[in-house]
Amino acid sequence: MRASRLISLLLLLQSREAMTAAELARELEVSERTVYRDVLALSAAGVPIYADRGRTGGYRLLGGYRTRLTGLTRQEAEALFLAGLRGPAGDMGLADAVAAAELKVLAALPPSLRDAPARTGQRFHLDVPGWFRHAAPPSWLAQLAGAVWRDRVVELRYRRGEREVVRTLQPYGLVLKNGTWYLVGRIGTTYRTYRVDRVVDVLVGEDTFDRDDGFDLGGYWREQAEGFLRQMLAERVTVRLTPAGLRALRHVAHAPFAYDEAVAGAGEPDGQDRVVTRLPVESVEVAYDLLLALGPEVEVLDPPDLRTRMAAAAHRLAALYRDDRRSDDGGSAPDAGDRAGGPDDGQR
């Protein structure tokens, strides 16, 4: 445990030039006293580590000291190749760079770990696009990725509905969501999001921009994605659910917050152990499709037109399953599971 921590401390100083004891303690999740002891241990082992005093001080490695660490565990070596993400990297035009990096890492591994890429490839595969989606990358993805890497200002011609618009922006990052690529760009002081497959043309300029180091791409995307869903799920329907229906609601709600809101707002169980709550939905039309999947485990109370549609659907289903509608020989219609050729339930 301590050996691993000493290596981590050394690598932190190699990558960040200088760090205070407090900063090292936060990164390593130990006390500052432990950091002091570890620094002494590294120094005693011959590592040229020293401390600068003062407000801008901290621990440093003397004269750009570097260490070549080959003590990777098997799990660490295999994780490196798992993190390669060849598919998305290839979409951005980086397939050759990823392959070259993997070769260099492979050459540095001891013989006992050189089967790491083969073992990883046999056990894990990333298939990003959803079912029934065309997997070809958008036309301008590689150019945009290059601009993102080099902090180059770009001019986009972008399809918005029936018209095209032109935007000049600073490309901050790319996000891959369910097989769809999005560009996050900054115009003035505002960050905006664009679907890359709607970009008609890209002009990468020679001008560069100073990136805001405080910008957190992952945090921005999570905030925007939830905000988009909350804006989209603006309507509410009132439903009465059995315990099984409340559990199954997790699988039909369009967003985790919609399910969480419905569960948090559920009242006390009634005499039939059912609860009443309100579910955020996109529209009555969408709610009809979602709630039909719950069958008799849900009763719609409001709005009235949705309740009427659900009642009509229930009557049609009841008519289909009456005994006098069965075939003359007493058999019933073949089960959908008897049909051949499609993936089973767990494949979609």
# chains A, B, ... in the order shown; residues from 1 in each chain; ligands from 1

$ residues_around --residues "Leu203 in chain A" --least-positions-apart "3" --cutoff "8 Å" --atoms "only C-alpha atoms" --output "list in words"
Val154, Glu155 and Leu156 of chain A

$ select_by_dssp --residues "range 131-334 of chain A" --states "helix (DSSP H, G or I)" --output "ChimeraX atom specification"
/A:141-150,196-198,217-232,243-252,256-264,284-292,295-297,304-320,323-325

$ residues_around --residues "Leu6 in chain A" --least-positions-apart "5" --cutoff "10 Å" --atoms "only C-alpha atoms" --output "list of chain:residue names"
A:Met1, A:Leu11, A:Leu12, A:Leu28, A:Val35, A:Asp38, A:Val39, A:Ala41, A:Leu42

$ atom_distance --atom1 "CA of Val202 in chain A" --atom2 "CA of Arg157 in chain A"
6.5 Å

$ closest_residue --among "A:Val263, A:Ala142, A:Ala21, A:Leu40" --to "Val239 in chain A" --atoms "only C-alpha atoms"
A:Val263

$ residues_around --residues "Ala51 in chain A" --least-positions-apart "5" --cutoff "7 Å" --atoms "only C-alpha atoms" --output "PyMOL selection string"
chain A and resi 58-60

$ write_last_selection --atoms "C-alpha atoms" --output "PDB file, in the first residue's frame"
ATOM      1  CA  GLY A  58       6.181  23.307  -2.530  1.00  0.00           C
ATOM      2  CA  TYR A  59       7.942  20.032  -3.219  1.00  0.00           C
ATOM      3  CA  ARG A  60       9.882  19.675  -6.502  1.00  0.00           C
TER       4      ARG A  60
END

$ atom_distance --atom1 "CA of Pro280 in chain A" --atom2 "CA of Gly219 in chain A"
23.7 Å

$ residues_around --residues "range 170-175 of chain A" --least-positions-apart "5" --cutoff "6 Å" --atoms "only C-alpha atoms" --output "JSON, numbers by chain"
{"A": [148, 153, 181, 182, 183, 184, 185, 186]}

$ select_by_dssp --residues "range 56-205 of chain A" --states "strand (DSSP E)" --output "PyMOL selection string"
chain A and resi 58-61+152-160+163-177+180-187+190-195+199-205

$ closest_residue --among "A:Asp207, A:Asp91, A:Glu285, A:Glu23" --to "Ala147 in chain A" --atoms "only C-alpha atoms"
A:Asp207

$ residues_around --residues "Ser15 in chain A" --least-positions-apart "2" --cutoff "12 Å" --atoms "only C-alpha atoms" --output "list in words"
Ser8, Leu9, Leu10, Leu11, Leu12, Leu13, Glu17, Ala18, Met19, Arg60, Leu61, Gly64, Tyr65, Arg66 and Thr67 of chain A

$ write_last_selection --atoms "N, CA, C and O atoms" --output "PDB file, in the first residue's frame"
ATOM      1  N   SER A   8       2.825   6.970  -6.587  1.00  0.00           N
ATOM      2  CA  SER A   8       1.849   7.992  -6.980  1.00  0.00           C
ATOM      3  C   SER A   8       2.359   9.392  -6.661  1.00  0.00           C
ATOM      4  O   SER A   8       2.199  10.325  -7.459  1.00  0.00           O
ATOM      5  N   LEU A   9       2.989   9.550  -5.503  1.00  0.00           N
ATOM      6  CA  LEU A   9       3.535  10.863  -5.125  1.00  0.00           C
ATOM      7  C   LEU A   9       4.611  11.291  -6.112  1.00  0.00           C
ATOM      8  O   LEU A   9       4.644  12.450  -6.563  1.00  0.00           O
ATOM      9  N   LEU A  10       5.491  10.361  -6.480  1.00  0.00           N
ATOM     10  CA  LEU A  10       6.564  10.667  -7.422  1.00  0.00           C
ATOM     11  C   LEU A  10       5.999  11.055  -8.788  1.00  0.00           C
ATOM     12  O   LEU A  10       6.445  12.026  -9.415  1.00  0.00           O
ATOM     13  N   LEU A  11       4.994  10.324  -9.249  1.00  0.00           N
ATOM     14  CA  LEU A  11       4.392  10.632 -10.547  1.00  0.00           C
ATOM     15  C   LEU A  11       3.665  11.976 -10.529  1.00  0.00           C
ATOM     16  O   LEU A  11       3.666  12.714 -11.523  1.00  0.00           O
ATOM     17  N   LEU A  12       3.053  12.313  -9.414  1.00  0.00           N
ATOM     18  CA  LEU A  12       2.384  13.609  -9.298  1.00  0.00           C
ATOM     19  C   LEU A  12       3.391  14.749  -9.436  1.00  0.00           C
ATOM     20  O   LEU A  12       3.150  15.736 -10.135  1.00  0.00           O
ATOM     21  N   LEU A  13       4.550  14.611  -8.790  1.00  0.00           N
ATOM     22  CA  LEU A  13       5.559  15.661  -8.885  1.00  0.00           C
ATOM     23  C   LEU A  13       6.162  15.730 -10.286  1.00  0.00           C
ATOM     24  O   LEU A  13       6.522  16.798 -10.766  1.00  0.00           O
ATOM     25  N   GLU A  17       5.201  19.527 -11.685  1.00  0.00           N
ATOM     26  CA  GLU A  17       6.328  20.411 -11.413  1.00  0.00           C
ATOM     27  C   GLU A  17       6.519  20.677  -9.924  1.00  0.00           C
ATOM     28  O   GLU A  17       7.548  20.397  -9.355  1.00  0.00           O
ATOM     29  N   ALA A  18       5.513  21.273  -9.265  1.00  0.00           N
ATOM     30  CA  ALA A  18       5.614  21.553  -7.831  1.00  0.00           C
ATOM     31  C   ALA A  18       4.237  21.422  -7.197  1.00  0.00           C
ATOM     32  O   ALA A  18       3.232  21.819  -7.788  1.00  0.00           O
ATOM     33  N   MET A  19       4.204  20.851  -5.991  1.00  0.00           N
ATOM     34  CA  MET A  19       2.956  20.709  -5.252  1.00  0.00           C
ATOM     35  C   MET A  19       3.231  20.888  -3.770  1.00  0.00           C
ATOM     36  O   MET A  19       4.271  20.449  -3.259  1.00  0.00           O
ATOM     37  N   ARG A  60       9.473  19.773  -5.095  1.00  0.00           N
ATOM     38  CA  ARG A  60       9.882  19.675  -6.502  1.00  0.00           C
ATOM     39  C   ARG A  60      10.885  18.533  -6.656  1.00  0.00           C
ATOM     40  O   ARG A  60      11.508  18.090  -5.691  1.00  0.00           O
ATOM     41  N   LEU A  61      11.053  18.116  -7.929  1.00  0.00           N
ATOM     42  CA  LEU A  61      12.106  17.177  -8.274  1.00  0.00           C
ATOM     43  C   LEU A  61      13.259  17.958  -8.890  1.00  0.00           C
ATOM     44  O   LEU A  61      13.046  18.810  -9.763  1.00  0.00           O
ATOM     45  N   GLY A  64      14.598  18.441 -13.314  1.00  0.00           N
ATOM     46  CA  GLY A  64      13.766  17.694 -14.261  1.00  0.00           C
ATOM     47  C   GLY A  64      13.910  16.192 -14.139  1.00  0.00           C
ATOM     48  O   GLY A  64      13.759  15.458 -15.127  1.00  0.00           O
ATOM     49  N   TYR A  65      14.198  15.698 -12.925  1.00  0.00           N
ATOM     50  CA  TYR A  65      14.370  14.257 -12.694  1.00  0.00           C
ATOM     51  C   TYR A  65      13.141  13.499 -13.189  1.00  0.00           C
ATOM     52  O   TYR A  65      12.004  13.886 -12.947  1.00  0.00           O
ATOM     53  N   ARG A  66      13.366  12.407 -13.901  1.00  0.00           N
ATOM     54  CA  ARG A  66      12.282  11.546 -14.373  1.00  0.00           C
ATOM     55  C   ARG A  66      12.605  10.106 -13.995  1.00  0.00           C
ATOM     56  O   ARG A  66      13.767   9.714 -13.907  1.00  0.00           O
ATOM     57  N   THR A  67      11.574   9.337 -13.812  1.00  0.00           N
ATOM     58  CA  THR A  67      11.772   7.914 -13.550  1.00  0.00           C
ATOM     59  C   THR A  67      11.011   7.103 -14.584  1.00  0.00           C
ATOM     60  O   THR A  67       9.959   7.525 -15.074  1.00  0.00           O
TER      61      THR A  67
END

$ residues_around --residues "range 294-306 of chain A" --least-positions-apart "6" --cutoff "7 Å" --atoms "only C-alpha atoms" --output "PyMOL selection string"
chain A and resi 237-242+244-245+284+288

$ closest_residue --among "A:Arg230, A:Arg195, A:Val165, A:Ala22" --to "Thr34 in chain A" --atoms "only C-alpha atoms"
A:Ala22
